[in-house]
Amino acid sequence: MATRPIKLAILLSGGGTTLKNIVDRISKGSLYAQAVCVIASHESARDKALRKVLDIDVKLLARRDHQTDGEFDVSGYSGAVFQMIRESGAELVCLCGFLTQLVIPDDFAGRVINIHPALLPSFGGHGMYGHHVHEAVLAAGCKVSGCTVHYADQTYDTGPIIVQMTCPVEEDDDVDSLAARVFELECHAYPQAIQLIGQGHVQVVDGRTYITPTP
């Protein structure tokens, strides 16, 4: 058992529902962690997050502030994000629907995790986020879907898998109904992955994770 809570940096671009789930579980004592840094990639995401978690300081690091002649400066933006994370003392970075590209620096390799609304390695990659994923799952006629928590690396959705949870795809599902069912799984899978990492139960060997038994 960890002697202190793992310190989290949470990065978001959407409505803040995953952030709220993590913060709620921390406050209820079911997740032994501390959110020490929350960063939004644009103003509307920050405003939505602030309405959901009133006692959390959500900082803004906007993509538009790192545009040069119409081109996004990925390295400059990533440097600013991770400098803020370093200053917070965060040990683990949780991407919560964070849609802005990042370059992960060497000192945070193996310390950034992401959740994806499908069973990787299927239905991942550039442009595969949110409803785009569920549309692809339905179009493929899949009978099962789910979510994946994985370590993030320098490409989209390719890092070692930590936790996966599954759910059926019903015959009458549309994108919204499938998304809702998958999100219910995400609310369990992400805290579980954070807890496993915080308690030292996750090891990565040759690009594959191994989960040691919990007492």
# chains A, B, ... in the order shown; residues from 1 in each chain; ligands from 1
call {"tool": "closest_atom_pairs", "arguments": {"of": "region 63-132 of chain A", "to": "region 7-14 of chain A", "cutoff": "10 Å", "atoms": "only C-alpha atoms", "output": "Markdown table"}}
result
| residue | atom | partner | partner_atom | distance |
| --- | --- | --- | --- | --- |
| A:Val81 | CA | A:Leu11 | CA | 9.1 |
| A:Phe82 | CA | A:Ala9 | CA | 9.6 |
| A:Met84 | CA | A:Ala9 | CA | 9.4 |
| A:Ile85 | CA | A:Ala9 | CA | 6.4 |
| A:Arg86 | CA | A:Ala9 | CA | 9.4 |
| A:Ser88 | CA | A:Ala9 | CA | 8.0 |
| A:Gly89 | CA | A:Lys7 | CA | 7.1 |
| A:Ala90 | CA | A:Lys7 | CA | 4.8 |
| A:Glu91 | CA | A:Lys7 | CA | 5.3 |
| A:Leu92 | CA | A:Leu8 | CA | 5.1 |
| A:Val93 | CA | A:Ala9 | CA | 4.7 |
| A:Cys94 | CA | A:Ile10 | CA | 4.8 |
| A:Leu95 | CA | A:Leu11 | CA | 5.0 |
| A:Cys96 | CA | A:Leu12 | CA | 4.9 |
| A:Gly97 | CA | A:Leu12 | CA | 5.4 |
| A:Phe98 | CA | A:Leu12 | CA | 4.4 |
| A:Leu99 | CA | A:Ser13 | CA | 6.0 |
| A:Thr100 | CA | A:Ser13 | CA | 7.7 |
| A:Val112 | CA | A:Ala9 | CA | 9.2 |
| A:Ile113 | CA | A:Ile10 | CA | 9.9 |
| A:Asn114 | CA | A:Leu11 | CA | 9.8 |
| A:Gly130 | CA | A:Gly14 | CA | 9.9 |
call {"tool": "write_last_selection", "arguments": {"atoms": "C-alpha atoms", "output": "CSV table (one decimal), in the first residue's frame"}}
result
chain,number,residue,atom,x,y,z
A,81,VAL,CA,2.5,22.2,-20.4
A,82,PHE,CA,5.2,20.0,-18.9
A,84,MET,CA,3.7,23.8,-15.4
A,85,ILE,CA,3.3,20.1,-14.5
A,86,ARG,CA,6.8,20.0,-13.1
A,88,SER,CA,3.1,21.4,-9.5
A,89,GLY,CA,5.1,18.3,-8.4
A,90,ALA,CA,2.8,15.9,-10.2
A,91,GLU,CA,4.0,12.4,-10.6
A,92,LEU,CA,1.4,11.0,-13.1
A,93,VAL,CA,-0.2,12.9,-16.0
A,94,CYS,CA,-3.8,11.9,-16.9
A,95,LEU,CA,-5.1,12.8,-20.3
A,96,CYS,CA,-8.8,13.3,-19.9
A,97,GLY,CA,-10.1,13.9,-23.4
A,98,PHE,CA,-7.1,16.1,-24.2
A,99,LEU,CA,-7.1,16.7,-27.9
A,100,THR,CA,-4.0,18.8,-28.4
A,112,VAL,CA,1.5,9.9,-18.9
A,113,ILE,CA,-1.7,7.8,-19.3
A,114,ASN,CA,-4.7,8.2,-21.5
A,130,GLY,CA,-15.2,10.8,-29.1
call {"tool": "select_by_dssp", "arguments": {"residues": "region 112-154 of chain A", "states": "strand (DSSP E)", "output": "MDAnalysis selection string"}}
result
chainID A and resid 112:116 144:151
call {"tool": "write_last_selection", "arguments": {"atoms": "C-alpha atoms", "output": "PDB file, in the first residue's frame"}}
result
ATOM      1  CA  VAL A 112       1.497   9.856 -18.900  1.00  0.00           C
ATOM      2  CA  ILE A 113      -1.697   7.828 -19.286  1.00  0.00           C
ATOM      3  CA  ASN A 114      -4.743   8.174 -21.500  1.00  0.00           C
ATOM      4  CA  ILE A 115      -8.198   6.644 -21.763  1.00  0.00           C
ATOM      5  CA  HIS A 116      -9.629   5.652 -25.143  1.00  0.00           C
ATOM      6  CA  VAL A 144     -18.352  -5.923 -28.165  1.00  0.00           C
ATOM      7  CA  SER A 145     -16.775  -2.572 -27.370  1.00  0.00           C
ATOM      8  CA  GLY A 146     -15.320  -0.990 -24.272  1.00  0.00           C
ATOM      9  CA  CYS A 147     -12.524   1.283 -23.112  1.00  0.00           C
ATOM     10  CA  THR A 148      -8.758   1.149 -22.724  1.00  0.00           C
ATOM     11  CA  VAL A 149      -6.442   2.913 -20.298  1.00  0.00           C
ATOM     12  CA  HIS A 150      -2.911   2.952 -21.670  1.00  0.00           C
ATOM     13  CA  TYR A 151       0.418   4.685 -21.301  1.00  0.00           C
TER      14      TYR A 151
END
call {"tool": "atom_distance", "arguments": {"atom1": "CA of Ala40 (chain A)", "atom2": "CA of Asp55 (chain A)"}}
result
15.5 Å
call {"tool": "closest_residue", "arguments": {"among": "A:Glu71, A:Leu120, A:Thr166, A:Asp57", "to": "His188 (chain A)", "atoms": "only C-alpha atoms"}}
result
A:Thr166
call {"tool": "atom_distance", "arguments": {"atom1": "CA of Pro105 (chain A)", "atom2": "CA of Gln83 (chain A)"}}
result
10.2 Å
call {"tool": "closest_residue", "arguments": {"among": "A:Ile39, A:Glu171, A:Val163, A:Gly125", "to": "Leu196 (chain A)", "atoms": "only C-alpha atoms"}}
result
A:Val163
call {"tool": "residues_around", "arguments": {"residues": "region 4-6 of chain A", "least_positions_apart": "4", "cutoff": "7 Å", "atoms": "only C-alpha atoms", "output": "PDB file with N, CA and C atoms, in the first residue's frame"}}
result
ATOM      1  N   TYR A  32      -6.911   6.801  -3.981  1.00  0.00           N
ATOM      2  CA  TYR A  32      -5.872   7.390  -3.139  1.00  0.00           C
ATOM      3  C   TYR A  32      -4.941   8.218  -4.019  1.00  0.00           C
ATOM      4  N   ALA A  33      -5.366   9.454  -4.280  1.00  0.00           N
ATOM      5  CA  ALA A  33      -4.624  10.331  -5.183  1.00  0.00           C
ATOM      6  C   ALA A  33      -4.919  11.769  -4.814  1.00  0.00           C
ATOM      7  N   GLN A  34      -4.146  12.688  -5.421  1.00  0.00           N
ATOM      8  CA  GLN A  34      -4.334  14.110  -5.186  1.00  0.00           C
ATOM      9  C   GLN A  34      -4.164  14.837  -6.515  1.00  0.00           C
ATOM     10  N   GLU A  91       3.224  13.577 -10.291  1.00  0.00           N
ATOM     11  CA  GLU A  91       3.989  12.365 -10.598  1.00  0.00           C
ATOM     12  C   GLU A  91       3.406  11.593 -11.774  1.00  0.00           C
ATOM     13  N   GLY A 198      -0.411   4.021  -8.703  1.00  0.00           N
ATOM     14  CA  GLY A 198      -0.054   4.679  -7.449  1.00  0.00           C
ATOM     15  C   GLY A 198       0.441   3.723  -6.395  1.00  0.00           C
TER      16      GLY A 198
END
call {"tool": "residues_around", "arguments": {"residues": "Gln101 (chain A)", "least_positions_apart": "3", "cutoff": "9 Å", "atoms": "only C-alpha atoms", "output": "list in words"}}
result
Val74, Tyr77, Ser78 and Phe98 of chain A
call {"tool": "select_by_dssp", "arguments": {"residues": "region 142-212 of chain A", "states": "alpha helix (DSSP H)", "output": "PyMOL selection string"}}
result
chain A and resi 175-198
call {"tool": "write_last_selection", "arguments": {"atoms": "N, CA and C atoms", "output": "short mmCIF file (atom, residue, chain, number, x, y, z; two decimals), in the first residue's frame"}}
result
data_model
loop_
_atom_site.label_atom_id
_atom_site.label_comp_id
_atom_site.auth_asym_id
_atom_site.auth_seq_id
_atom_site.Cartn_x
_atom_site.Cartn_y
_atom_site.Cartn_z
N VAL A 175 -24.90 5.96 -31.83
CA VAL A 175 -23.64 6.48 -31.28
C VAL A 175 -23.82 6.93 -29.83
N ASP A 176 -24.91 7.61 -29.54
CA ASP A 176 -25.11 8.15 -28.20
C ASP A 176 -25.30 7.06 -27.15
N SER A 177 -26.08 6.05 -27.47
CA SER A 177 -26.32 4.99 -26.49
C SER A 177 -25.05 4.18 -26.23
N LEU A 178 -24.28 3.92 -27.29
CA LEU A 178 -23.03 3.19 -27.11
C LEU A 178 -22.02 4.04 -26.34
N ALA A 179 -21.96 5.32 -26.66
CA ALA A 179 -21.04 6.22 -25.94
C ALA A 179 -21.36 6.25 -24.45
N ALA A 180 -22.65 6.29 -24.10
CA ALA A 180 -23.04 6.33 -22.70
C ALA A 180 -22.63 5.05 -21.98
N ARG A 181 -22.79 3.91 -22.64
CA ARG A 181 -22.44 2.63 -22.01
C ARG A 181 -20.93 2.53 -21.81
N VAL A 182 -20.17 2.99 -22.81
CA VAL A 182 -18.72 2.95 -22.69
C VAL A 182 -18.23 3.91 -21.61
N PHE A 183 -18.87 5.08 -21.52
CA PHE A 183 -18.43 6.04 -20.51
C PHE A 183 -18.63 5.51 -19.10
N GLU A 184 -19.68 4.73 -18.89
CA GLU A 184 -19.86 4.10 -17.57
C GLU A 184 -18.66 3.24 -17.21
N LEU A 185 -18.12 2.54 -18.21
CA LEU A 185 -16.92 1.74 -17.96
C LEU A 185 -15.71 2.62 -17.67
N GLU A 186 -15.59 3.73 -18.42
CA GLU A 186 -14.46 4.63 -18.23
C GLU A 186 -14.40 5.14 -16.79
N CYS A 187 -15.57 5.37 -16.20
CA CYS A 187 -15.63 5.89 -14.83
C CYS A 187 -15.04 4.92 -13.82
N HIS A 188 -14.97 3.65 -14.16
CA HIS A 188 -14.36 2.64 -13.30
C HIS A 188 -12.91 2.35 -13.72
N ALA A 189 -12.67 2.31 -15.03
CA ALA A 189 -11.37 1.88 -15.52
C ALA A 189 -10.26 2.88 -15.22
N TYR A 190 -10.55 4.19 -15.39
CA TYR A 190 -9.48 5.18 -15.20
C TYR A 190 -9.03 5.23 -13.73
N PRO A 191 -9.96 5.34 -12.76
CA PRO A 191 -9.51 5.31 -11.37
C PRO A 191 -8.78 4.01 -11.01
N GLN A 192 -9.22 2.89 -11.57
CA GLN A 192 -8.55 1.62 -11.29
C GLN A 192 -7.10 1.67 -11.76
N ALA A 193 -6.88 2.19 -12.96
CA ALA A 193 -5.52 2.27 -13.49
C ALA A 193 -4.66 3.20 -12.65
N ILE A 194 -5.21 4.34 -12.26
CA ILE A 194 -4.47 5.28 -11.42
C ILE A 194 -4.08 4.63 -10.09
N GLN A 195 -5.03 3.92 -9.51
CA GLN A 195 -4.77 3.26 -8.23
C GLN A 195 -3.67 2.19 -8.36
N LEU A 196 -3.74 1.40 -9.42
CA LEU A 196 -2.72 0.38 -9.64
C LEU A 196 -1.34 0.98 -9.78
N ILE A 197 -1.25 2.07 -10.54
CA ILE A 197 0.04 2.74 -10.71
C ILE A 197 0.50 3.36 -9.39
N GLY A 198 -0.41 4.02 -8.70
CA GLY A 198 -0.05 4.68 -7.45
C GLY A 198 0.44 3.72 -6.39
#
call {"tool": "residues_around", "arguments": {"residues": "Gln154 (chain A)", "least_positions_apart": "6", "cutoff": "9 Å", "atoms": "only C-alpha atoms", "output": "PDB file with N, CA and C atoms, in the first residue's frame"}}
result
ATOM      1  N   LEU A 102       0.811  16.476 -28.006  1.00  0.00           N
ATOM      2  CA  LEU A 102       1.895  16.694 -27.056  1.00  0.00           C
ATOM      3  C   LEU A 102       3.122  15.898 -27.458  1.00  0.00           C
ATOM      4  N   VAL A 103       4.274  16.456 -27.161  1.00  0.00           N
ATOM      5  CA  VAL A 103       5.533  15.705 -27.207  1.00  0.00           C
ATOM      6  C   VAL A 103       5.907  15.425 -25.762  1.00  0.00           C
ATOM      7  N   ILE A 104       5.999  14.154 -25.404  1.00  0.00           N
ATOM      8  CA  ILE A 104       6.286  13.786 -24.013  1.00  0.00           C
ATOM      9  C   ILE A 104       7.795  13.828 -23.789  1.00  0.00           C
TER      10      ILE A 104
END
call {"tool": "closest_residue", "arguments": {"among": "A:His132, A:Arg111, A:Arg25, A:His126", "to": "Val204 (chain A)", "atoms": "only C-alpha atoms"}}
result
A:Arg111
call {"tool": "residues_around", "arguments": {"residues": "Met128 (chain A)", "least_positions_apart": "5", "cutoff": "12 Å", "atoms": "only C-alpha atoms", "output": "PyMOL selection string"}}
result
chain A and resi 97+99+116-118+120-123+133-137+156-157
call {"tool": "write_last_selection", "arguments": {"atoms": "N, CA and C atoms", "output": "PDB file, in the first residue's frame"}}
result
ATOM      1  N   GLY A  97      -9.553  13.300 -22.255  1.00  0.00           N
ATOM      2  CA  GLY A  97     -10.131  13.912 -23.438  1.00  0.00           C
ATOM      3  C   GLY A  97      -9.306  15.093 -23.912  1.00  0.00           C
ATOM      4  N   LEU A  99      -7.180  16.854 -26.466  1.00  0.00           N
ATOM      5  CA  LEU A  99      -7.126  16.666 -27.915  1.00  0.00           C
ATOM      6  C   LEU A  99      -6.008  17.444 -28.592  1.00  0.00           C
ATOM      7  N   HIS A 116      -9.099   5.671 -23.775  1.00  0.00           N
ATOM      8  CA  HIS A 116      -9.629   5.652 -25.143  1.00  0.00           C
ATOM      9  C   HIS A 116     -10.946   4.887 -25.142  1.00  0.00           C
ATOM     10  N   PRO A 117     -11.983   5.394 -25.838  1.00  0.00           N
ATOM     11  CA  PRO A 117     -13.309   4.776 -25.771  1.00  0.00           C
ATOM     12  C   PRO A 117     -13.512   3.608 -26.725  1.00  0.00           C
ATOM     13  N   ALA A 118     -12.544   2.718 -26.788  1.00  0.00           N
ATOM     14  CA  ALA A 118     -12.649   1.489 -27.584  1.00  0.00           C
ATOM     15  C   ALA A 118     -11.573   0.536 -27.090  1.00  0.00           C
ATOM     16  N   LEU A 120      -8.410  -0.890 -27.725  1.00  0.00           N
ATOM     17  CA  LEU A 120      -7.181  -0.821 -28.508  1.00  0.00           C
ATOM     18  C   LEU A 120      -6.523  -2.191 -28.591  1.00  0.00           C
ATOM     19  N   PRO A 121      -5.827  -2.476 -29.696  1.00  0.00           N
ATOM     20  CA  PRO A 121      -5.382  -1.553 -30.741  1.00  0.00           C
ATOM     21  C   PRO A 121      -6.410  -1.246 -31.830  1.00  0.00           C
ATOM     22  N   SER A 122      -7.632  -1.751 -31.735  1.00  0.00           N
ATOM     23  CA  SER A 122      -8.652  -1.427 -32.729  1.00  0.00           C
ATOM     24  C   SER A 122      -9.213  -0.029 -32.489  1.00  0.00           C
ATOM     25  N   PHE A 123      -9.568   0.631 -33.560  1.00  0.00           N
ATOM     26  CA  PHE A 123     -10.272   1.910 -33.530  1.00  0.00           C
ATOM     27  C   PHE A 123      -9.498   3.003 -32.794  1.00  0.00           C
ATOM     28  N   VAL A 133     -15.063   7.417 -32.778  1.00  0.00           N
ATOM     29  CA  VAL A 133     -14.729   6.037 -32.413  1.00  0.00           C
ATOM     30  C   VAL A 133     -15.983   5.168 -32.415  1.00  0.00           C
ATOM     31  N   HIS A 134     -17.036   5.631 -31.778  1.00  0.00           N
ATOM     32  CA  HIS A 134     -18.261   4.831 -31.680  1.00  0.00           C
ATOM     33  C   HIS A 134     -18.920   4.645 -33.045  1.00  0.00           C
ATOM     34  N   GLU A 135     -18.834   5.639 -33.906  1.00  0.00           N
ATOM     35  CA  GLU A 135     -19.337   5.498 -35.268  1.00  0.00           C
ATOM     36  C   GLU A 135     -18.607   4.376 -36.001  1.00  0.00           C
ATOM     37  N   ALA A 136     -17.280   4.320 -35.817  1.00  0.00           N
ATOM     38  CA  ALA A 136     -16.488   3.285 -36.477  1.00  0.00           C
ATOM     39  C   ALA A 136     -16.801   1.903 -35.925  1.00  0.00           C
ATOM     40  N   VAL A 137     -17.000   1.807 -34.615  1.00  0.00           N
ATOM     41  CA  VAL A 137     -17.348   0.524 -33.999  1.00  0.00           C
ATOM     42  C   VAL A 137     -18.679   0.015 -34.546  1.00  0.00           C
ATOM     43  N   TYR A 156      -0.311   8.299 -31.542  1.00  0.00           N
ATOM     44  CA  TYR A 156      -1.669   8.190 -31.018  1.00  0.00           C
ATOM     45  C   TYR A 156      -2.039   6.747 -30.663  1.00  0.00           C
ATOM     46  N   ASP A 157      -2.410   6.526 -29.396  1.00  0.00           N
ATOM     47  CA  ASP A 157      -3.072   5.292 -28.953  1.00  0.00           C
ATOM     48  C   ASP A 157      -2.226   4.039 -29.142  1.00  0.00           C
TER      49      ASP A 157
END
call {"tool": "closest_residue", "arguments": {"among": "A:Leu19, A:Ile26, A:Leu31, A:Cys167", "to": "Gln199 (chain A)", "atoms": "only C-alpha atoms"}}
result
A:Leu31
